[in-house]
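The file start-v9.pdb comes next; it holds PDB, C-alpha atoms and all ligand atoms.
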ATOM      1  CA  MET A   1     110.441 123.172 143.266
ATOM      2  CA  GLU A   2     113.821 124.644 142.362
ATOM      3  CA  ALA A   3     115.009 121.340 140.977
ATOM      4  CA  GLU A   4     112.017 121.140 138.686
ATOM      5  CA  CYS A   5     112.786 124.616 137.454
ATOM      6  CA  CYS A   6     116.315 123.526 136.555
ATOM      7  CA  ALA A   7     114.981 120.510 134.706
ATOM      8  CA  LEU A   8     112.723 122.724 132.638
ATOM      9  CA  ALA A   9     115.633 124.978 131.790
ATOM     10  CA  GLY A  10     117.506 121.894 130.652
ATOM     11  CA  THR A  11     114.816 120.817 128.234
ATOM     12  CA  HIS A  12     114.544 124.359 126.952
ATOM     13  CA  SER A  13     118.054 124.136 125.476
ATOM     14  CA  ARG A  14     117.194 121.079 123.374
ATOM     15  CA  PRO A  15     115.839 122.950 120.335
ATOM     16  CA  LEU A  16     119.341 124.372 119.880
ATOM     17  CA  LEU A  17     120.630 120.858 119.309
ATOM     18  CA  LEU A  18     117.886 120.153 116.798
ATOM     19  CA  ARG A  19     118.602 123.346 114.928
ATOM     20  CA  ARG A  20     122.282 122.487 114.704
ATOM     21  CA  ARG A  21     121.402 119.115 113.250
ATOM     22  CA  ALA A  22     118.983 120.589 110.719
ATOM     23  CA  SER A  23     121.555 123.079 109.461
ATOM     24  CA  ARG A  24     123.856 120.295 108.382
ATOM     25  CA  PRO A  25     123.836 119.496 104.679
ATOM     26  CA  GLN A  26     121.579 116.572 103.973
ATOM     27  CA  PRO A  27     122.773 114.775 100.850
ATOM     28  CA  LYS A  28     120.459 111.912 101.671
ATOM     29  CA  HIS A  29     117.366 114.059 101.180
ATOM     30  CA  MET A  30     116.913 113.087  97.545
ATOM     31  CA  ALA A  31     117.769 109.456  98.056
ATOM     32  CA  LEU A  32     115.167 106.814  97.548
ATOM     33  CA  GLU A  33     113.658 105.410 100.635
ATOM     34  CA  MET A  34     114.904 101.855 100.383
ATOM     35  CA  ARG A  35     111.913 100.018 101.767
ATOM     36  CA  ALA A  36     112.694  96.564 102.991
ATOM     37  CA  GLN A  37     109.317  94.990 102.345
ATOM     38  CA  CYS A  38     106.957  94.458  99.449
ATOM     39  CA  GLU A  39     103.824  96.516 100.177
ATOM     40  CA  ARG A  40     101.597  93.854  98.694
ATOM     41  CA  CYS A  41     102.821  90.529  99.992
ATOM     42  CA  GLY A  42     105.292  91.625 102.644
ATOM     43  CA  ALA A  43     108.200  89.809 101.061
ATOM     44  CA  GLY A  44     111.588  90.956 102.258
ATOM     45  CA  LEU A  45     113.437  93.210  99.832
ATOM     46  CA  LYS A  46     117.150  93.793 100.084
ATOM     47  CA  PRO A  47     118.654  97.159  99.071
ATOM     48  CA  GLU A  48     120.931  95.305  96.694
ATOM     49  CA  GLY A  49     118.185  92.951  95.520
ATOM     50  CA  ALA A  50     115.567  93.291  92.807
ATOM     51  CA  ALA A  51     112.489  95.391  93.577
ATOM     52  CA  PHE A  52     110.029  97.648  91.771
ATOM     53  CA  VAL A  53     108.932 101.147  92.764
ATOM     54  CA  CYS A  54     106.477 103.739  91.485
ATOM     55  CA  SER A  55     107.117 107.475  91.483
ATOM     56  CA  TYR A  56     105.690 107.678  95.007
ATOM     57  CA  GLU A  57     108.098 104.986  96.103
ATOM     58  CA  CYS A  58     105.476 102.361  96.678
ATOM     59  CA  THR A  59     107.671  99.309  96.694
ATOM     60  CA  PHE A  60     106.908  95.818  95.485
ATOM     61  CA  CYS A  61     108.746  92.596  94.934
ATOM     62  CA  PRO A  62     109.318  91.530  91.309
ATOM     63  CA  ALA A  63     106.614  88.847  91.528
ATOM     64  CA  CYS A  64     103.932  91.305  92.650
ATOM     65  CA  ALA A  65     105.054  93.931  90.132
ATOM     66  CA  ALA A  66     104.690  91.351  87.385
ATOM     67  CA  SER A  67     101.281  90.192  88.606
ATOM     68  CA  MET A  68     100.066  93.811  88.608
ATOM     69  CA  ALA A  69     101.381  94.315  85.055
ATOM     70  CA  HIS A  70     103.854  96.832  86.515
ATOM     71  CA  VAL A  71     101.097  99.220  87.547
ATOM     72  CA  CYS A  72     101.124 100.372  91.164
ATOM     73  CA  SER A  73      98.030  99.146  92.992
ATOM     74  CA  ASN A  74      98.236 102.094  95.403
ATOM     75  CA  CYS A  75      98.426 105.044  93.047
ATOM     76  CA  GLY A  76      98.105 103.612  89.559
ATOM     77  CA  GLY A  77     101.614 104.724  88.688
ATOM     78  CA  GLU A  78     104.159 102.928  86.609
ATOM     79  CA  LEU A  79     106.364 100.475  88.425
ATOM     80  CA  VAL A  80     109.975 100.516  87.374
ATOM     81  CA  PRO A  81     112.957  98.502  88.556
ATOM     82  CA  ARG A  82     114.439 100.081  91.635
ATOM     83  CA  PRO A  83     118.099 100.908  91.323
ATOM     84  CA  ARG A  84     120.016  98.638  93.569
ATOM     85  CA  ARG A  85     122.100 100.071  96.350
ATOM     86  CA  ILE A  86     125.396  98.327  96.427
ATOM     87  CA  SER A  87     126.963  98.606  99.822
ATOM     88  CA  LYS A  88     130.682  99.272  99.627
ATOM     89  CA  GLY A  89     131.328  98.607 103.267
ATOM     90  CA  SER A  90     132.596 102.099 104.014
ATOM     91  CA  ALA A  91     129.321 103.705 102.947
ATOM     92  CA  VAL A  92     126.798 104.989 105.523
TER
HETATM   93 ZN    ZN A 101     105.274  91.099  96.768
HETATM   94 ZN    ZN A 102     102.398 103.924  93.970
END
Turn this file's structure into structure tokens for me.
Ligand SMILES: [Zn+2]
Ligand SMILES: [Zn+2]
Amino acid sequence: MEAECCALAGTHSRPLLLRRRASRPQPKHMALEMRAQCERCGAGLKPEGAAFVCSYECTFCPACAASMAHVCSNCGGELVPRPRRISKGSAV
């Protein structure tokens, strides 16, 4: 029974870790979620490749965006070319 009590005490200290992590500055918060798949046809989308997104970040491949006349089929929003994320190697 004592061992179980110790284990519980151990898990109790975990929120401290989480709090420490949350207090760190999060520059990535405003970054686009770079989805890797077209939501319509499931085509693979590379961060550095062409893709279209609406303001809610619904993400589509260029072919689907064109076939939907650049109107998001999920929310009716305008689909615009997603800025490409060029990996510089040292990033991330
Ligand atoms: Zn597609
Ligand atoms: Zn949308």
Point to revise | Selection result of the PyMOL selection byres (((chain A and resi 42) around 12) and not hetatm) on this file, as JSON, numbers by chain | key: {"A": [35, 36, 37, 38, 39, 40, 41, 43, 44, 45, 59, 60, 61, 63, 64]}
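Minimum distance to Lys46 of chain A across A:Ala31, A:Val71, A:Pro62, A:Gly89 (counting only C-alpha atoms) occurs at A:Pro62.
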Within 8 Å of ligand ZN 102 (chain A): each chain A residue with its shortest pair, all atoms listed in the file, as CSV:
residue,atom,partner,partner_atom,distance
A:Val53,CA,A:ZN102,ZN,7.2
A:Cys54,CA,A:ZN102,ZN,4.8
A:Ser55,CA,A:ZN102,ZN,6.4
A:Tyr56,CA,A:ZN102,ZN,5.1
A:Glu57,CA,A:ZN102,ZN,6.2
A:Cys58,CA,A:ZN102,ZN,4.4
A:Thr59,CA,A:ZN102,ZN,7.5
A:Cys72,CA,A:ZN102,ZN,4.7
A:Ser73,CA,A:ZN102,ZN,6.5
A:Asn74,CA,A:ZN102,ZN,4.8
A:Cys75,CA,A:ZN102,ZN,4.2
A:Gly76,CA,A:ZN102,ZN,6.2
A:Gly77,CA,A:ZN102,ZN,5.4
A:Glu78,CA,A:ZN102,ZN,7.6
A:Leu79,CA,A:ZN102,ZN,7.6
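The space between atom CA of His70 of chain A and atom CA of Arg85 of chain A spans 21.0 Å.
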Exercise for review: Between atom CA of Ile86 of chain A and atom CA of Pro47 of chain A, measure the distance and give it in Å to one decimal.
Suggested key: 7.3 Å
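Taking atom CA of Ser87 of chain A as the reference point, atom CA of Ala66 of chain A is found at 26.5 Å.
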For segment 52-61 of chain A, what centre and edge lengths in Å (one decimal) does the axis-aligned box get once 5 Å is added on each side of all its listed atoms, as AutoDock Vina command-line options?
--center_x 107.8 --center_y 100.1 --center_z 94.1 --size_x 14.6 --size_y 25.1 --size_z 15.2
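Nearest-residue note for ligand ZN 101 (chain A): choosing from A:Val80, A:Ala51, A:Met34, A:Ala69, the minimum distance belongs to A:Ala51, counting all atoms listed in the file.
Nearest residue to ligand ZN 101 (chain A) among A:Glu33, A:Ala65, A:Glu48, A:Lys88 is A:Ala65, counting all atoms listed in the file.
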